[in-house]
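J.: Would you mind keeping the following structure in view while I ask a few things?
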Amino acid sequence: MATTCHSAEDGARRDDPAQDVLRARAVWLAELATWRIGFVGALVAECGGLDVALRLGPGEVAAAKAARRGRTRRSAAAGAGADGVAVAGRAAAGDAEAEADGSRFAAVLSRGPAFEAAADPSVVTWIDTAYPPQLRELSDPPPALFLGGLTAAGLEALARRHVVAVVGSRSPSAYGREMARAIARDLTAAGVLVISGLALGIDAVAHEAALEAGRGRGPRAVSTVAVLGCGADVEHPPSNRRLFARVRAEGLLASEFSWGVGARPWRFPARNRIMAGLSEAVVAVEGAERSGSLITARYALDLGRDVLAVPGEAGRRLSAGPHRLLRQGAALCESARDVLEVLGYGDLALGWEDRQRGEISGDGEDDADVDGEGAGVETVDPARLLMRALDEGVQTVDRLASAAGLDVAATLATLAGLEVDGAVEACGGGAYRLRRDTGGAAPASSRREQPGAGQRAGRG
Amino acid sequence: MLASVPSEALTGLEGHAVDVEADVVAAAPSFSIVGLPGAAVQESRERVRAAIVNSSYEFPSRRITVNLAPADLRKEGPSFDLPVALALLQATGQVRRRGAGTDEPRGRCADDERRRGRIAAVGELGLDGSVRSVTGALAIAEGLRRHGATGLVLPAANASEAALVAGLDVYPVRDLREAAAVLAADGDGAGRAAAPDVADLLSAPPPDDTDWSDIAGQSQVKRALEVAVAGAHNVLLSGPPGAGKTMFARRLPGVMPPLTLDEAIAVTRVHSVAGLLPAGAALVTRRALRAPHHTISSVGLVGGGATPRPGEVSLAHLGVLFLDEFPEFGMSALEGLRQPLEDGDVTISRALTSVCFPARIMLVAAMNPCPCGYLGDRERACACPAFRVRQYRSRLSGPLLDRIDLRIEVPRLAPDERRRLDLDETSAVVRARVTAARERQLARLRGTGAYANAHMTVRHLRRLCRLEPDAVSLLDRAYERLRISARACDRVVKVAQTIADLEGAASITVAHVGESLSYRFHGDDLPLG
């Protein structure tokens, strides 16, 4: 079948080629992009759209490539062939390359049936209806996406649900991890599809939290989408292997790079562009001033998506990136509620958040009694004293002990009780903090079944 | 003519009776030593020859044969110089033992019989005839006493430790002539080393250069270490560089209960064999702190060698073995620690012998949270890539961690905490509490073979530890919610028992379990950041 397609294609170039030929071309272009980042973008720019670019045969593309190369070499002076791909198509230098590209094209075509309407397609191309609609807004959209995991459900989720990217540093602080976890978990619980880049640090935390929160929605429900900077079948970084497997089982893996393509630093910005394109809002958690992990946020700004930044401690290296975004006008993000507001969830989100807060501080309403006249007479519950001290942030046991007026042994004993109940957690360095994500303590049902928090049909 | 002088050889800490026999016959001049002598013993021929001549004795120009009996025991070291010289002087008639030849049992009789009532000798000779100190004098003296000798001629520098052994007259000598005189008089009229006043030595106040109160603040760490010391629990300290991990470790021996006489002798024995006892010192009275560098070899840490010597783990017997930069230690060295941590001693097996050194230690391991040390620090950024941190931590996994009961985080103090100068407790106060807690443990553990809570087996735990109902329920909830393993649960109970002992409580309450839970291992779920 592949051969017939190929021979037919040569003769009928100007005709409307069969759908699967177009599809094969999209895949082939995507494979080209694997090695020449930006080339497809330039080609699309020259043709005035991917639809046109897909109608070029291998020879013409090769010629365009040669012309482009020549132009960049001889700078703009010799750019006489600038009047279109067709002119460049006659450049003799392109012949050998055209042949090579042509054979690669044939190879792609020969794989044809693999990505025809299977239950879980492994490739989705520009001409498919399942192609994520928001990606069509990109100036240089990927001609094809290579997929893994629950692909059909994943594509549908990308098209129908709110999509938010959670990105940040690969070596975040404990605070950054905690914020990313809480935001990703709560967003997922509210029905938002959380996507990220499956890198170390914030990305991994976001995926994990989303998987955790999305568990139990059903066998083919997509919890999270990972956009990769390598082939969708390449487990990178190796330490994320287990997470990779979980995303494949309960989520969607997507990449514009072909099978088996290794991770290279120069591929990550391209991946970030897709992540920004897929999402409605990008939440930047932590990153240094010039952090590569925040490139996604910059792409998102260019695309006109909402950008939110989680503030950090002033003056810290990892706070510089988000703070810079905030200075440039990004929205402040303290919790998932801020994201939901940006997405237009409004009041529904508010009630949910307040309920959650009530669970953290326990029966907070009788705090006033303790402060008042009763304090001196009644023995004060040490747990409440500690919780109040922890409300101001991370505290070492020594400080907690002096704040609550307890000795260290009693402080530790009380903290352990609170930890078992899921109200506080140890965060290293002999310090404790309140658990922002009360996942361990809150009854699962109250978070998962929010009114109006399910899937929202019909994206604009 | 034939003469013999009893002496003693050590393998490890165990003494073996050795008879040094010398035979001088009229034949072509020669000097040979037989009886499996090591290199140092072979060389003693030269030292003995020079020492005899330089002490104004005559070295016989006849055929000399020295035999070290029994002939199947390997003899090492220079401590046979003195008995060889003395036997030679007797064999040539230059020294005559009073009444020798009449009451000396000869022929076939038990070794102990033969040396009953006799004076033994050990010591290294200088070429000028001076007698130099030897290692392991205490173990040698104990061995001789067991083998029936009544007197021991030995270097003056080793006299006080040997004098600890009751029932053995110790004659300190400075040179070969003095030694010969003691032997000739059969001990009569010779100066004997007085037995040291052990009670006085043991009750001497420890030098006050390091005290618990030197460390400002850090009350959380202090409390945790007090618990660890009270139950002899092994601990892992984790914290950034400069937080005070080493400072704490150095002060740990000072808060441990004082050594009893038996314990002090046991420690002295090991230190003496290793040659670490200062000249003239009778007894090690303070608990040891050994802090080997992380490049140490397995043999250096655990002990061994062609002639087995005690390693750091034995030198820290009844004291503290402090391993700073714990993950940097060699895998084989750390693996070698497992047996001593389990059994309280080290057994080194060689083709001919197997040697056992005591090694009842409290292990204090210390590590940084990451290779650069600043992970999780609020002021300084960590420069380690995540995979390096993972790698660093993964070196800790394994059975060794199972033997560590407490994990203690040592935070770097904020400036205002560091400046705080309130009166902190002194070592003496903490030591008193720890000692009381240890006594309670000993009373409870009587008959089990364990001497502290850390060494309780699971069966001891079930039988001896009484948990109150709400303590049980907290433990159950922790088991379920915090996902701690069953083994970790046992550790929590052990440590809770120690906390109860510190308090003098009869049973383990919910507060004890709670505090103990906070010292548990967080393992992989501890955030990397």
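Residue numbering restarts at 1 in every chain; chains get A, B, ... in the order shown in the structure tokens, and ligands count up from 1 in that same order.
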Mind listing as a count of residues only which residues of chain B are within 8 Å of chain A, counting only C-alpha atoms?
T.: 36
J.: So that I can check the secondary structure, give me every residue of segment 30-68 of chain B assigned strand (DSSP E) by backbone DSSP, as a PyMOL selection string.
T.: chain B and resi 30-34+63-68
J.: Now that the selection is made, can you save its residues with C-alpha atoms as a tab-separated table (two decimals), in the first residue's frame?
T.:
chain	number	residue	atom	x	y	z
B	30	SER	CA	75.73	-19.14	66.07
B	31	PHE	CA	72.46	-17.65	67.34
B	32	SER	CA	69.16	-18.97	66.10
B	33	ILE	CA	65.60	-18.52	67.26
B	34	VAL	CA	63.07	-21.25	66.55
B	63	ARG	CA	76.16	-22.11	69.62
B	64	ILE	CA	72.96	-20.55	70.97
B	65	THR	CA	69.50	-21.92	70.31
B	66	VAL	CA	66.44	-20.08	71.56
B	67	ASN	CA	63.11	-21.84	71.39
B	68	LEU	CA	59.78	-20.14	71.88
J.: Can you list, as a ChimeraX atom specification, all residues belonging to segment 316-515 of chain B that DSSP tags as helix (DSSP H, G or I)?
T.: /B:326-328,331-336,338-343,386-394,399-402,415-419,427-445,453-455,458-464,469-481,486-503,510-515
J.: Out of B:Val273, B:Ala216, B:Val495, B:Cys356, which residue has the shortest atom-to-atom distance to Glu425 of chain B when counting only C-alpha atoms?
T.: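 Nearest to Glu425 of chain B: B:Ala216.
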J.: Can you measure atom CA of Ser332 of chain B to atom CA of Pro369 of chain B for me? One decimal in Å is fine.
T.: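 We find that atom CA of Ser332 of chain B and atom CA of Pro369 of chain B lie 22.5 Å from each other.
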J.: Do a neighbour search on Leu252 of chain A at 8 Å with only C-alpha atoms, toss out local chain neighbours closer than 3 positions, and write the hits as number ranges by chain.
T.: A: 147-151, 154, 222, 224-226, 247-248
J.: Atoms to include: all heavy atoms. Write the selected residues as an mmCIF file, in the first residue's frame.
T.:
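Output saved as result_12.cif:
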data_model
loop_
_atom_site.group_PDB
_atom_site.id
_atom_site.type_symbol
_atom_site.label_atom_id
_atom_site.label_comp_id
_atom_site.auth_asym_id
_atom_site.auth_seq_id
_atom_site.Cartn_x
_atom_site.Cartn_y
_atom_site.Cartn_z
ATOM 1 N N LEU A 147 2.222 10.434 20.250
ATOM 2 C CA LEU A 147 1.495 10.285 21.506
ATOM 3 C C LEU A 147 1.776 8.960 22.187
ATOM 4 O O LEU A 147 2.172 7.977 21.566
ATOM 5 C CB LEU A 147 -0.019 10.379 21.249
ATOM 6 C CG LEU A 147 -0.500 11.607 20.487
ATOM 7 C CD1 LEU A 147 -1.968 11.461 20.151
ATOM 8 C CD2 LEU A 147 -0.254 12.873 21.290
ATOM 9 N N GLY A 148 1.534 8.948 23.479
ATOM 10 C CA GLY A 148 1.610 7.717 24.246
ATOM 11 C C GLY A 148 0.592 7.769 25.363
ATOM 12 O O GLY A 148 0.120 8.835 25.732
ATOM 13 N N GLY A 149 0.231 6.605 25.912
ATOM 14 C CA GLY A 149 -0.726 6.578 27.005
ATOM 15 C C GLY A 149 -2.154 6.519 26.499
ATOM 16 O O GLY A 149 -2.441 5.902 25.473
ATOM 17 N N LEU A 150 -3.056 7.177 27.207
ATOM 18 C CA LEU A 150 -4.480 7.173 26.832
ATOM 19 C C LEU A 150 -4.696 8.256 25.779
ATOM 20 O O LEU A 150 -5.183 9.347 26.070
ATOM 21 C CB LEU A 150 -5.345 7.456 28.062
ATOM 22 C CG LEU A 150 -5.070 6.580 29.284
ATOM 23 C CD1 LEU A 150 -5.870 7.065 30.467
ATOM 24 C CD2 LEU A 150 -5.421 5.132 28.964
ATOM 25 N N THR A 151 -4.320 7.948 24.534
ATOM 26 C CA THR A 151 -4.223 9.028 23.556
ATOM 27 C C THR A 151 -5.580 9.579 23.146
ATOM 28 O O THR A 151 -5.767 10.791 23.108
ATOM 29 C CB THR A 151 -3.437 8.548 22.332
ATOM 30 O OG1 THR A 151 -4.108 7.419 21.793
ATOM 31 C CG2 THR A 151 -2.047 8.161 22.700
ATOM 32 N N GLY A 154 -7.020 11.406 25.953
ATOM 33 C CA GLY A 154 -6.180 12.558 26.250
ATOM 34 C C GLY A 154 -6.444 13.699 25.287
ATOM 35 O O GLY A 154 -6.542 14.857 25.700
ATOM 36 N N VAL A 222 -8.293 10.788 31.947
ATOM 37 C CA VAL A 222 -6.926 11.301 31.832
ATOM 38 C C VAL A 222 -6.658 12.257 32.987
ATOM 39 O O VAL A 222 -7.374 13.242 33.168
ATOM 40 C CB VAL A 222 -6.744 12.005 30.487
ATOM 41 C CG1 VAL A 222 -5.376 12.656 30.411
ATOM 42 C CG2 VAL A 222 -6.923 11.007 29.375
ATOM 43 N N THR A 224 -3.493 13.688 33.679
ATOM 44 C CA THR A 224 -2.494 14.708 33.394
ATOM 45 C C THR A 224 -1.918 14.471 32.007
ATOM 46 O O THR A 224 -2.009 13.369 31.467
ATOM 47 C CB THR A 224 -1.378 14.690 34.457
ATOM 48 O OG1 THR A 224 -0.496 15.773 34.210
ATOM 49 C CG2 THR A 224 -0.595 13.383 34.420
ATOM 50 N N VAL A 225 -1.355 15.516 31.443
ATOM 51 C CA VAL A 225 -0.709 15.397 30.147
ATOM 52 C C VAL A 225 0.733 15.841 30.288
ATOM 53 O O VAL A 225 1.013 16.900 30.840
ATOM 54 C CB VAL A 225 -1.419 16.264 29.080
ATOM 55 C CG1 VAL A 225 -0.656 16.215 27.762
ATOM 56 C CG2 VAL A 225 -2.847 15.795 28.883
ATOM 57 N N ALA A 226 1.644 15.013 29.809
ATOM 58 C CA ALA A 226 3.046 15.367 29.848
ATOM 59 C C ALA A 226 3.505 15.698 28.426
ATOM 60 O O ALA A 226 3.325 14.901 27.516
ATOM 61 C CB ALA A 226 3.872 14.215 30.408
ATOM 62 N N VAL A 247 2.137 8.062 34.119
ATOM 63 C CA VAL A 247 1.477 8.973 33.176
ATOM 64 C C VAL A 247 0.991 8.170 31.974
ATOM 65 O O VAL A 247 -0.104 8.394 31.451
ATOM 66 C CB VAL A 247 2.439 10.094 32.746
ATOM 67 C CG1 VAL A 247 1.807 10.945 31.659
ATOM 68 C CG2 VAL A 247 2.804 10.964 33.939
ATOM 69 N N ARG A 248 1.781 7.197 31.530
ATOM 70 C CA ARG A 248 1.368 6.406 30.382
ATOM 71 C C ARG A 248 0.097 5.621 30.699
ATOM 72 O O ARG A 248 -0.762 5.435 29.862
ATOM 73 C CB ARG A 248 2.479 5.448 29.964
ATOM 74 C CG ARG A 248 2.177 4.763 28.661
ATOM 75 C CD ARG A 248 3.407 4.163 28.063
ATOM 76 N NE ARG A 248 4.156 3.429 29.076
ATOM 77 C CZ ARG A 248 5.416 3.070 28.938
ATOM 78 N NH1 ARG A 248 6.074 3.391 27.859
ATOM 79 N NH2 ARG A 248 6.033 2.408 29.885
#
J.: For segment 209-219 of chain A, find every residue with an atom within 6 Å (counting only C-alpha atoms), except residues of its own chain fewer than 6 positions away, and show them as a list of chain:residue names.
T.: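 Within the cut-off, the hits are A:Arg181, A:Ala184, A:Arg185, A:Thr188, A:Ala189.
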J.: Pick out the closest residue to Val346 of chain B from this set: B:Val267, B:Leu301, B:Ala443, B:Ala137. Count only C-alpha atoms.
T.: B:Leu301
J.: Could you state the separation of atom CA of Glu76 of chain B and atom CA of Thr11 of chain B in Å, given to one decimal place?
T.: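 About the pair atom CA of Glu76 of chain B and atom CA of Thr11 of chain B: they are 9.1 Å apart.
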J.: Calculate how many Å separate atom CA of Leu334 of chain B from atom CA of Ala366 of chain B, rounding to one decimal.
T.: 13.4 Å
J.: When distances are computed from only C-alpha atoms, which of B:Pro6, B:Gly305, B:Gly373, B:Gly187 shows the smallest separation from Pro83 of chain B?
T.: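 The shortest atom-to-atom distance to Pro83 of chain B comes from B:Pro6.
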J.: Which polymer residues have any atom within 8 Å of an atom of Val307 of chain A, counting only C-alpha atoms, with same-chain residues fewer than 2 positions away left out, as a compact mmCIF listing (two decimals) with all heavy atoms, in the first residue's frame?
T.:
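Saved the output as out.txt:
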# COMPACT_ATOMS: atom_id res chain seq x y z
N ALA A 281 -3.78 28.66 30.75
CA ALA A 281 -3.03 29.46 31.71
C ALA A 281 -1.79 28.68 32.09
O ALA A 281 -1.81 27.45 32.11
CB ALA A 281 -3.87 29.76 32.94
N VAL A 282 -0.72 29.42 32.39
CA VAL A 282 0.52 28.79 32.83
C VAL A 282 0.82 29.29 34.23
O VAL A 282 0.78 30.49 34.49
CB VAL A 282 1.69 29.15 31.88
CG1 VAL A 282 3.01 28.65 32.45
CG2 VAL A 282 1.45 28.56 30.50
N VAL A 283 1.06 28.34 35.14
CA VAL A 283 1.43 28.71 36.50
C VAL A 283 2.93 28.46 36.67
O VAL A 283 3.39 27.32 36.54
CB VAL A 283 0.65 27.89 37.54
CG1 VAL A 283 1.05 28.30 38.94
CG2 VAL A 283 -0.84 28.07 37.33
N ALA A 284 3.70 29.52 36.92
CA ALA A 284 5.14 29.39 37.14
C ALA A 284 5.37 29.34 38.64
O ALA A 284 4.96 30.24 39.37
CB ALA A 284 5.88 30.55 36.51
N ALA A 297 6.42 30.20 30.31
CA ALA A 297 5.64 31.38 30.68
C ALA A 297 5.81 32.49 29.65
O ALA A 297 4.87 33.18 29.29
CB ALA A 297 6.07 31.86 32.06
N ALA A 300 3.86 31.73 26.68
CA ALA A 300 2.44 31.92 26.98
C ALA A 300 2.08 33.40 26.86
O ALA A 300 1.01 33.75 26.35
CB ALA A 300 2.14 31.40 28.37
N LEU A 301 2.97 34.27 27.34
CA LEU A 301 2.72 35.71 27.22
C LEU A 301 2.59 36.08 25.75
O LEU A 301 1.69 36.82 25.35
CB LEU A 301 3.86 36.49 27.86
CG LEU A 301 3.86 36.58 29.39
CD1 LEU A 301 5.10 37.31 29.87
CD2 LEU A 301 2.61 37.28 29.88
N ARG A 305 -1.80 33.86 26.42
CA ARG A 305 -2.42 33.02 27.46
C ARG A 305 -2.23 33.71 28.80
O ARG A 305 -1.36 34.55 28.96
CB ARG A 305 -1.74 31.64 27.50
CG ARG A 305 -1.60 30.96 26.17
CD ARG A 305 -2.91 30.32 25.76
NE ARG A 305 -2.71 29.29 24.77
CZ ARG A 305 -3.15 29.35 23.53
NH1 ARG A 305 -3.80 30.42 23.11
NH2 ARG A 305 -2.96 28.35 22.69
N ALA A 309 2.03 33.56 38.55
CA ALA A 309 3.30 33.24 39.18
C ALA A 309 3.09 33.10 40.67
O ALA A 309 2.36 33.88 41.29
CB ALA A 309 4.33 34.33 38.89
N ALA A 330 2.17 39.35 35.35
CA ALA A 330 1.53 38.06 35.59
C ALA A 330 0.62 38.16 36.80
O ALA A 330 0.82 39.01 37.66
CB ALA A 330 2.60 37.00 35.83
N ALA A 331 -0.38 37.29 36.85
CA ALA A 331 -1.30 37.31 38.00
C ALA A 331 -0.65 36.59 39.17
O ALA A 331 0.14 35.67 38.99
CB ALA A 331 -2.60 36.63 37.61
J.: Find the residues near segment 440-442 of chain B: any atom within 12 Å, counting only C-alpha atoms, skip ones fewer than 4 places away on the same chain, and give them as a ChimeraX atom specification.
T.: /B:230-232,433-436,446-456,460,464-465,494,497-506
